[in-house]
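Peer 1: Handing over model.tsv, TSV, C-alpha atoms and all ligand atoms.
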```
chain	number	residue	atom	x	y	z
A	7	MET	CA	-57.67	48.17	88.07
A	8	LYS	CA	-58.61	45.56	85.44
A	9	ARG	CA	-55.85	44.74	82.94
A	10	VAL	CA	-56.71	43.73	79.40
A	11	LEU	CA	-54.50	42.38	76.59
A	12	ILE	CA	-55.64	43.29	73.08
A	13	THR	CA	-53.91	41.63	70.12
A	14	GLY	CA	-54.09	43.35	66.76
A	15	ALA	CA	-54.12	46.57	68.80
A	16	ALA	CA	-52.81	48.73	65.94
A	17	GLY	CA	-55.46	47.51	63.51
A	18	PHE	CA	-58.89	48.88	62.67
A	19	LEU	CA	-60.94	47.03	65.30
A	20	GLY	CA	-58.09	46.53	67.78
A	21	SER	CA	-57.38	50.25	68.02
A	22	HIS	CA	-61.06	51.06	68.64
A	23	LEU	CA	-61.12	48.36	71.33
A	24	CYS	CA	-58.06	49.95	72.99
A	25	ASP	CA	-59.95	53.28	73.11
A	26	LYS	CA	-63.04	51.59	74.52
A	27	PHE	CA	-61.25	49.76	77.35
A	28	ILE	CA	-59.20	52.85	78.27
A	29	SER	CA	-62.44	54.85	78.44
A	30	GLU	CA	-63.91	52.15	80.70
A	31	GLY	CA	-61.05	52.78	83.15
A	32	MET	CA	-58.98	49.67	82.41
A	33	HIS	CA	-55.25	49.24	81.87
A	34	VAL	CA	-54.67	48.24	78.24
A	35	ILE	CA	-51.74	46.19	76.96
A	36	GLY	CA	-51.75	46.42	73.16
A	37	MET	CA	-49.88	43.86	71.06
A	38	ASP	CA	-49.30	43.90	67.29
A	39	ASN	CA	-46.63	42.78	64.83
A	40	LEU	CA	-47.61	45.70	62.55
A	41	LEU	CA	-48.00	43.43	59.52
A	42	THR	CA	-51.24	45.15	58.54
A	43	GLY	CA	-51.74	47.43	61.57
A	44	SER	CA	-50.41	50.95	61.90
A	45	LEU	CA	-49.08	52.80	64.94
A	46	THR	CA	-50.87	55.94	63.78
A	47	ASN	CA	-54.12	54.25	64.91
A	48	ILE	CA	-52.92	54.18	68.53
A	49	GLU	CA	-50.28	56.92	68.79
A	50	HIS	CA	-52.75	59.12	70.70
A	51	LEU	CA	-52.72	56.47	73.47
A	52	PHE	CA	-48.95	56.39	74.02
A	53	PRO	CA	-48.90	59.31	76.51
A	54	ASN	CA	-51.53	57.51	78.63
A	55	GLU	CA	-49.97	55.78	81.64
A	56	HIS	CA	-52.63	53.09	81.41
A	57	PHE	CA	-51.61	52.06	77.92
A	58	GLU	CA	-48.57	50.00	76.95
A	59	PHE	CA	-47.58	48.45	73.65
A	60	TYR	CA	-45.69	45.29	72.73
A	61	HIS	CA	-44.40	44.88	69.17
A	62	HIS	CA	-44.82	41.12	68.96
A	63	ASP	CA	-46.12	38.36	66.66
A	64	VAL	CA	-48.62	36.26	68.64
A	65	SER	CA	-47.88	33.22	66.44
A	66	LYS	CA	-44.73	33.00	68.60
A	67	PHE	CA	-44.78	32.31	72.35
A	68	VAL	CA	-46.48	35.19	74.15
A	69	HIS	CA	-45.27	36.44	77.52
A	70	VAL	CA	-46.80	39.36	79.40
A	71	PRO	CA	-45.73	40.14	82.98
A	72	GLY	CA	-48.32	40.79	85.70
A	73	HIS	CA	-51.91	39.76	86.00
A	74	ILE	CA	-54.40	39.90	83.13
A	75	ASP	CA	-58.18	39.88	83.52
A	76	TYR	CA	-59.24	39.82	79.88
A	77	ILE	CA	-57.65	38.87	76.57
A	78	LEU	CA	-59.15	39.94	73.24
A	79	HIS	CA	-57.57	38.22	70.24
A	80	PHE	CA	-58.05	40.51	67.24
A	81	ALA	CA	-54.75	40.00	65.41
A	82	SER	CA	-55.13	38.78	61.80
A	83	PRO	CA	-54.98	40.01	58.25
A	84	ALA	CA	-58.68	40.53	57.60
A	85	SER	CA	-59.25	41.66	54.04
A	86	PRO	CA	-59.37	39.21	51.12
A	87	ILE	CA	-56.39	40.78	49.34
A	88	ASP	CA	-54.35	40.74	52.56
A	89	TYR	CA	-54.87	37.08	53.21
A	90	LEU	CA	-54.16	36.25	49.58
A	91	LYS	CA	-50.80	38.04	49.98
A	92	MET	CA	-50.12	36.54	53.44
A	93	PRO	CA	-51.74	33.10	53.46
A	94	ILE	CA	-49.31	31.44	55.88
A	95	GLN	CA	-49.32	34.31	58.38
A	96	THR	CA	-53.13	34.32	58.24
A	97	LEU	CA	-53.29	30.60	59.00
A	98	LYS	CA	-50.70	30.90	61.77
A	99	VAL	CA	-52.23	33.83	63.64
A	100	GLY	CA	-55.66	32.18	63.68
A	101	SER	CA	-54.33	28.79	64.76
A	102	LEU	CA	-50.92	29.02	66.52
A	103	GLY	CA	-51.68	32.56	67.72
A	104	THR	CA	-54.99	31.50	69.22
A	105	HIS	CA	-53.33	28.48	70.86
A	106	ASN	CA	-50.66	30.69	72.46
A	107	LEU	CA	-53.26	33.12	73.78
A	108	LEU	CA	-55.47	30.35	75.16
A	109	GLY	CA	-52.38	29.07	76.98
A	110	LEU	CA	-51.68	32.55	78.33
A	111	ALA	CA	-55.33	32.88	79.43
A	112	ARG	CA	-55.01	29.62	81.38
A	113	VAL	CA	-51.84	30.72	83.14
A	114	LYS	CA	-53.29	34.13	83.99
A	115	LYS	CA	-56.77	32.77	84.81
A	116	ALA	CA	-58.08	35.36	82.37
A	117	ARG	CA	-61.27	35.40	80.31
A	118	ILE	CA	-60.55	35.34	76.58
A	119	LEU	CA	-62.68	36.61	73.71
A	120	VAL	CA	-61.65	35.59	70.19
A	121	ALA	CA	-62.59	37.44	67.00
A	122	SER	CA	-64.30	35.03	64.66
A	123	THR	CA	-66.08	36.02	61.50
A	124	SER	CA	-69.10	35.68	59.24
A	125	GLU	CA	-66.60	33.92	56.92
A	126	VAL	CA	-67.15	30.76	59.00
A	127	TYR	CA	-70.46	30.59	57.10
A	128	GLY	CA	-68.58	30.75	53.75
A	129	ASP	CA	-70.88	31.32	50.76
A	130	PRO	CA	-73.99	30.67	52.85
A	131	LEU	CA	-76.86	28.48	51.71
A	132	VAL	CA	-78.98	29.68	54.64
A	133	HIS	CA	-80.11	33.31	54.79
A	134	PRO	CA	-79.88	35.26	57.03
A	135	GLN	CA	-77.14	33.43	58.93
A	136	LYS	CA	-77.91	32.18	62.43
A	137	GLU	CA	-75.27	30.88	64.84
A	138	ASP	CA	-76.47	27.29	64.43
A	139	TYR	CA	-75.73	27.25	60.68
A	140	TRP	CA	-72.55	25.26	59.98
A	141	GLY	CA	-71.54	27.05	56.83
A	142	ASN	CA	-70.49	26.39	53.26
A	143	VAL	CA	-66.72	26.90	53.10
A	144	ASN	CA	-64.25	25.82	50.41
A	145	PRO	CA	-61.20	24.79	52.49
A	146	ILE	CA	-58.76	25.00	49.57
A	147	GLY	CA	-60.14	28.11	47.87
A	148	PRO	CA	-58.46	31.54	48.12
A	149	ARG	CA	-60.47	32.44	51.23
A	150	GLY	CA	-59.83	29.07	52.87
A	151	VAL	CA	-56.71	30.30	54.69
A	152	TYR	CA	-58.79	32.81	56.62
A	153	ASP	CA	-62.04	30.89	56.91
A	154	GLU	CA	-60.45	27.65	58.08
A	155	ALA	CA	-58.07	29.39	60.49
A	156	LYS	CA	-61.10	31.04	62.08
A	157	ARG	CA	-63.05	27.78	62.15
A	158	PHE	CA	-60.06	26.10	63.83
A	159	GLN	CA	-59.92	29.04	66.22
A	160	GLU	CA	-63.52	28.43	67.26
A	161	ALA	CA	-62.86	24.69	67.67
A	162	ILE	CA	-59.77	25.09	69.86
A	163	THR	CA	-61.44	27.85	71.90
A	164	MET	CA	-64.41	25.55	72.61
A	165	ALA	CA	-61.98	22.72	73.46
A	166	TYR	CA	-60.20	24.91	76.04
A	167	HIS	CA	-63.58	25.86	77.47
A	168	ASN	CA	-64.86	22.28	77.65
A	169	PHE	CA	-61.62	20.54	78.65
A	170	HIS	CA	-59.90	23.16	80.83
A	171	GLY	CA	-62.96	25.11	82.00
A	172	LEU	CA	-61.48	28.31	80.56
A	173	GLU	CA	-63.79	31.31	80.38
A	174	THR	CA	-64.13	31.92	76.66
A	175	ARG	CA	-66.22	34.14	74.36
A	176	ILE	CA	-66.54	33.90	70.56
A	177	VAL	CA	-67.80	36.80	68.48
A	178	ARG	CA	-68.68	36.27	64.80
A	179	ILE	CA	-68.06	39.66	63.24
A	180	PHE	CA	-69.86	40.67	60.04
A	181	ASN	CA	-68.67	43.39	57.64
A	182	THR	CA	-67.73	46.45	59.66
A	183	TYR	CA	-66.63	49.91	58.57
A	184	GLY	CA	-65.54	53.22	60.00
A	185	PRO	CA	-62.53	55.45	60.64
A	186	ARG	CA	-59.07	53.76	60.69
A	187	MET	CA	-59.83	51.25	57.96
A	188	ARG	CA	-56.70	51.06	55.83
A	189	VAL	CA	-57.15	53.00	52.60
A	190	GLU	CA	-55.37	50.31	50.59
A	191	ASP	CA	-56.81	47.25	52.30
A	192	GLY	CA	-58.83	46.36	49.20
A	193	ARG	CA	-62.18	46.05	50.92
A	194	ALA	CA	-65.23	47.54	49.29
A	195	LEU	CA	-65.71	50.64	51.41
A	196	PRO	CA	-62.11	51.96	51.54
A	197	ALA	CA	-61.71	51.15	47.85
A	198	PHE	CA	-64.90	52.98	46.89
A	199	PHE	CA	-64.13	56.04	49.02
A	200	SER	CA	-60.55	56.41	47.84
A	201	GLN	CA	-61.57	55.90	44.20
A	202	ALA	CA	-64.45	58.40	44.43
A	203	ILE	CA	-62.32	61.02	46.22
A	204	LYS	CA	-59.58	60.64	43.57
A	205	ASP	CA	-62.24	60.63	40.82
A	206	GLU	CA	-61.14	57.19	39.65
A	207	GLU	CA	-63.36	54.40	38.41
A	208	ILE	CA	-65.23	52.65	41.27
A	209	THR	CA	-64.31	48.98	40.96
A	210	VAL	CA	-67.47	46.92	41.48
A	211	PHE	CA	-66.70	43.20	41.25
A	212	GLY	CA	-69.08	41.00	39.24
A	213	ASP	CA	-72.41	42.66	38.44
A	214	GLY	CA	-72.59	44.12	41.95
A	215	SER	CA	-75.70	42.12	42.86
A	216	GLN	CA	-73.90	40.32	45.72
A	217	THR	CA	-75.00	41.63	49.11
A	218	ARG	CA	-73.32	42.53	52.39
A	219	SER	CA	-74.60	44.04	55.64
A	220	PHE	CA	-72.36	46.78	57.00
A	221	CYS	CA	-72.07	47.66	60.69
A	222	TYR	CA	-70.60	50.92	61.95
A	223	VAL	CA	-67.56	50.32	64.14
A	224	ASP	CA	-68.93	51.98	67.32
A	225	ASP	CA	-71.94	49.63	67.32
A	226	LEU	CA	-69.69	46.62	66.83
A	227	ILE	CA	-67.35	47.61	69.68
A	228	ASP	CA	-70.34	48.04	72.01
A	229	GLY	CA	-71.58	44.55	71.09
A	230	ILE	CA	-68.16	43.00	71.69
A	231	TYR	CA	-67.83	44.72	75.06
A	232	ARG	CA	-71.23	43.43	76.17
A	233	LEU	CA	-70.39	39.91	75.01
A	234	LEU	CA	-67.10	39.92	76.94
A	235	LEU	CA	-68.91	40.89	80.14
A	236	SER	CA	-71.77	38.42	79.57
A	237	ASP	CA	-71.76	34.82	80.78
A	238	TYR	CA	-72.41	33.30	77.33
A	239	HIS	CA	-69.65	31.12	75.88
A	240	LEU	CA	-71.10	29.98	72.52
A	241	PRO	CA	-70.57	32.01	69.31
A	242	VAL	CA	-72.62	35.19	68.89
A	243	ASN	CA	-73.17	37.11	65.64
A	244	ILE	CA	-72.48	40.83	65.89
A	245	GLY	CA	-73.32	42.89	62.83
A	246	ASN	CA	-75.93	45.11	61.26
A	247	PRO	CA	-78.72	43.19	59.51
A	248	GLN	CA	-79.39	46.04	57.06
A	249	GLU	CA	-78.44	44.36	53.78
A	250	ILE	CA	-77.43	46.15	50.57
A	251	THR	CA	-76.09	45.13	47.16
A	252	ILE	CA	-72.52	46.17	46.44
A	253	LYS	CA	-73.71	48.17	43.43
A	254	ASP	CA	-76.15	50.18	45.58
A	255	PHE	CA	-73.42	50.66	48.14
A	256	ALA	CA	-71.08	52.06	45.46
A	257	GLU	CA	-73.85	54.42	44.36
A	258	GLU	CA	-74.34	55.64	47.94
A	259	VAL	CA	-70.63	56.50	48.10
A	260	ILE	CA	-70.79	58.25	44.71
A	261	ARG	CA	-73.77	60.35	45.88
A	262	LEU	CA	-72.03	61.31	49.12
A	263	VAL	CA	-68.69	62.23	47.56
A	264	GLY	CA	-70.38	63.87	44.59
A	265	LYS	CA	-68.17	62.20	41.97
A	266	GLY	CA	-67.09	58.83	40.61
A	267	ARG	CA	-68.51	56.29	38.15
A	268	ILE	CA	-68.81	52.53	38.37
A	269	GLY	CA	-66.51	50.23	36.35
A	270	TYR	CA	-67.18	46.49	36.52
A	271	ARG	CA	-64.40	43.96	37.23
A	272	PRO	CA	-64.43	40.13	37.39
A	273	LEU	CA	-65.89	38.64	40.55
A	274	PRO	CA	-63.14	37.05	42.73
A	275	LYS	CA	-63.36	33.27	43.22
A	276	ASP	CA	-65.62	32.09	46.07
A	277	ASP	CA	-66.93	35.61	46.73
A	278	PRO	CA	-70.03	35.04	48.91
A	279	LYS	CA	-73.25	35.99	47.07
A	280	GLN	CA	-75.12	37.16	50.13
A	281	ARG	CA	-74.51	37.88	53.77
A	282	GLN	CA	-76.77	39.10	56.54
A	283	PRO	CA	-76.49	38.38	60.26
A	284	ASP	CA	-79.43	37.08	62.23
A	285	ILE	CA	-78.88	38.99	65.50
A	286	THR	CA	-81.77	37.53	67.51
A	287	LEU	CA	-79.31	35.94	69.93
A	288	ALA	CA	-77.36	39.18	70.52
A	289	ARG	CA	-80.65	41.02	71.10
A	290	GLU	CA	-81.78	38.41	73.62
A	291	ILE	CA	-78.66	37.78	75.64
A	292	LEU	CA	-76.81	41.09	75.30
A	293	GLY	CA	-79.71	43.52	74.85
A	294	TRP	CA	-77.71	44.75	71.88
A	295	GLU	CA	-78.61	45.95	68.44
A	296	PRO	CA	-76.95	48.47	66.12
A	297	LYS	CA	-78.00	52.09	66.58
A	298	ILE	CA	-76.09	53.94	63.89
A	299	SER	CA	-77.77	54.12	60.49
A	300	ARG	CA	-75.73	53.56	57.34
A	301	SER	CA	-76.20	57.16	56.22
A	302	GLU	CA	-74.80	58.44	59.55
A	303	GLY	CA	-72.02	55.84	59.55
A	304	ILE	CA	-70.82	56.43	56.02
A	305	SER	CA	-70.84	60.17	56.47
A	306	LYS	CA	-68.60	59.82	59.58
A	307	THR	CA	-66.38	57.46	57.61
A	308	TYR	CA	-66.21	59.92	54.71
A	309	ASP	CA	-64.91	62.59	57.12
A	310	TYR	CA	-62.05	60.21	57.94
A	311	PHE	CA	-61.22	59.23	54.36
A	312	LYS	CA	-61.24	62.89	53.27
A	313	LYS	CA	-58.30	63.39	55.65
A	314	VAL	CA	-56.27	60.29	54.76
A	315	VAL	CA	-56.78	59.80	51.03
A	316	ILE	CA	-54.12	61.78	49.18
B	401	LIG	N1	-65.84	44.46	46.20
B	401	LIG	C1	-65.99	45.21	45.04
B	401	LIG	N2	-65.00	46.10	44.72
B	401	LIG	C2	-63.89	46.30	45.46
B	401	LIG	C3	-63.74	45.55	46.66
B	401	LIG	C4	-64.75	44.64	46.99
B	401	LIG	O1	-66.99	45.09	44.32
B	401	LIG	O2	-63.04	47.13	45.08
B	401	LIG	C5	-66.90	43.50	46.55
B	401	LIG	C6	-66.37	42.09	46.87
B	401	LIG	O3	-66.30	41.32	45.68
B	401	LIG	C7	-67.45	41.58	47.80
B	401	LIG	C8	-67.93	42.85	48.53
B	401	LIG	O4	-67.51	43.95	47.74
B	401	LIG	O5	-68.54	41.04	47.09
B	401	LIG	C9	-67.35	43.02	49.92
B	401	LIG	O6	-65.97	42.82	49.80
B	401	LIG	P1	-64.96	43.08	51.00
B	401	LIG	O7	-63.59	42.81	50.47
B	401	LIG	O8	-65.22	44.43	51.57
B	401	LIG	O9	-65.34	42.03	52.13
B	401	LIG	P2	-65.87	40.50	52.12
B	401	LIG	O10	-67.23	40.64	52.68
B	401	LIG	O11	-65.92	39.96	50.71
B	401	LIG	O12	-64.92	39.76	52.98
```
Would you mind writing the structure in this file as structure tokens?
Peer 2:
Amino acid sequence: MKRVLITGAAGFLGSHLCDKFISEGMHVIGMDNLLTGSLTNIEHLFPNEHFEFYHHDVSKFVHVPGHIDYILHFASPASPIDYLKMPIQTLKVGSLGTHNLLGLARVKKARILVASTSEVYGDPLVHPQKEDYWGNVNPIGPRGVYDEAKRFQEAITMAYHNFHGLETRIVRIFNTYGPRMRVEDGRALPAFFSQAIKDEEITVFGDGSQTRSFCYVDDLIDGIYRLLLSDYHLPVNIGNPQEITIKDFAEEVIRLVGKGRIGYRPLPKDDPKQRQPDITLAREILGWEPKISRSEGISKTYDYFKKVVI
């Protein structure tokens, strides 16, 4: 039986990855320090004999007994307000945490996939973003702690590949949404849903003309799984190229929930003006593209938020 270590297992993406690898018949070792993750995302897995959980901070030395075939490094604060509150932890998990896991992968002769991000492109001057674009990042701005940790993560992962011959994979994840997003994580979709459900003002930052491209979580997980099993070691964008302004996105949520009104707030510093993945590479090498439309995805996500917003 294949054994896989997933860091950030109690988080939004990590918990969906745990489900995916269990359903593929693998033994899953979940690891999380529960800084932003929640055990409620994985409590349904605890009775499963092929799931185990370590409460551990991967910025510290990581030890796991037994063999490991795959490591997926998904631990990190991932929303702008989280990494503003936890700048040092964000830097450490992307840098020291990645280093520890690369070391573990070497010892175990495991293949490692690291979660990078569209934030490596910063406030992009090229649109849509292709993997060969180097980005436009402010290293000392509020987002720098996340963006630069992830850029370092890519650099050290490539160094382990080139110098040690380690089997590595790098996924650049664009905005993703779905069940198990934290209600209070401050990102657009959880904020808009919880505000609309509670009939509060929907906080659109700036004039709402900035764009994002939102991918439903099941599509993203499928893309990551295919990348892990592929033989491609350079970074690959995974995301949904359907682009929308934040104002239009807020209005979609308002229409779905049937209440709420927009209130405008100042735009946070260094907030990217546009973002859309070019997924030509993923189409070519993984045969992957998103299948779930935004209307289907946000209605599934609404079902979740209806249950958890109180
Ligand atoms: N945003 C907003 N209102 C909110 C939260 C976010 O208008 O309550 C905007 C934010 O300024 C950004 C976009 O929505 O332009 C997406 O923000 P998010 O935090 O979801 O992710 P980002 O893509 O910026 O990392």
Peer 1: Rounded to one decimal place, report the atom CA of A:Ser301-atom CA of A:Glu206 distance in Å.
Peer 2: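 Atom CA of A:Glu206 lies at a distance of 22.4 Å from atom CA of A:Ser301.
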Peer 1: Suppose you want the space between atom CA of A:Leu110 and atom CA of A:His62; what is it in Å?
Peer 2: 14.4 Å
Peer 1: Please identify all protein, DNA and RNA residues within 6 Å of ligand LIG 401 (chain B), counting all atoms listed in the file, and report them as a tab-separated table (two decimals) with C-alpha atoms, in the coordinates of the input.
Peer 2:
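Dumped everything to selection-v1.tsv:
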```
chain	number	residue	atom	x	y	z
A	85	SER	CA	-59.25	41.66	54.04
A	86	PRO	CA	-59.37	39.21	51.12
A	181	ASN	CA	-68.67	43.39	57.64
A	192	GLY	CA	-58.83	46.36	49.20
A	193	ARG	CA	-62.18	46.05	50.92
A	194	ALA	CA	-65.23	47.54	49.29
A	197	ALA	CA	-61.71	51.15	47.85
A	209	THR	CA	-64.31	48.98	40.96
A	210	VAL	CA	-67.47	46.92	41.48
A	211	PHE	CA	-66.70	43.20	41.25
A	216	GLN	CA	-73.90	40.32	45.72
A	252	ILE	CA	-72.52	46.17	46.44
A	273	LEU	CA	-65.89	38.64	40.55
A	277	ASP	CA	-66.93	35.61	46.73
```
Peer 1: Would you mind telling me which residue in A:Phe220, A:Phe27, A:Tyr270, A:Phe59 lies nearest to A:Ser124 when using all atoms listed in the file?
Peer 2: A:Phe220
Peer 1: Give me the residues within 9 Å of stretch 226-240 of chain A as a ChimeraX atom specification, counting all atoms listed in the file and dropping any in the same chain fewer than 3 places off.
Peer 2: /A:19,22-23,26-27,76,78,117-119,137,164,167,173-177,179,182,221-223,244-246,288,291-296
Peer 1: Between atom CA of A:Ala81 and atom CA of A:Phe52, what distance in Å does the model show, to one decimal?
Peer 2: 19.4 Å
Peer 1: Give me the residues near A:Gly141 as a VMD selection string, where near means some atom within 12 Å (using all atoms listed in the file) and where sequence neighbours in that chain fewer than 5 positions away do not count.
Peer 2: chain A and resid 123 to 136 153 to 154 157 278 281
Peer 1: Give the answer as one residue: which of A:Phe18, A:Tyr183, A:Phe255, A:Tyr89 has the shortest atom-to-atom distance to A:Ile48, using all atoms listed in the file?
Peer 2: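 For A:Ile48, the nearest of the candidates is A:Phe18.
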Peer 1: Looking at A:Ile12, A:Ile203, A:Ala256, A:Val68, which one is nearest to A:Ser215, with distances taken over all atoms listed in the file?
Peer 2: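 Comparing A:Ile12, A:Ile203, A:Ala256, A:Val68 against A:Ser215, the winner is A:Ala256.
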Peer 1: Measuring between only C-alpha atoms, which one of A:Thr46, A:Thr217, A:Thr13, A:Asn106 shows the shortest distance to A:Ser82?
Peer 2: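 Ranking A:Thr46, A:Thr217, A:Thr13, A:Asn106 by distance to A:Ser82, first place goes to A:Thr13.
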Peer 1: Restricting the calculation to only C-alpha atoms: of A:Gly214, A:Pro196, A:Gly100, A:Pro148, which residue gets closest to A:Ile162?
Peer 2: A:Gly100
Peer 1: Could you check the closest approach to A:Lys297 for each of A:Met7, A:Arg271, A:Asp225, A:Arg261 and tell me which residue wins, using all atoms listed in the file?
Peer 2: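 Among A:Met7, A:Arg271, A:Asp225, A:Arg261, it is A:Asp225 that comes nearest to A:Lys297.
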Peer 1: Which residues, written as an MDAnalysis selection string, have at least one atom at most 6 Å from A:Glu249, with all atoms listed in the file counted and residues fewer than 2 positions away on the same chain left out?
Peer 2: chainID A and resid 218:219 247
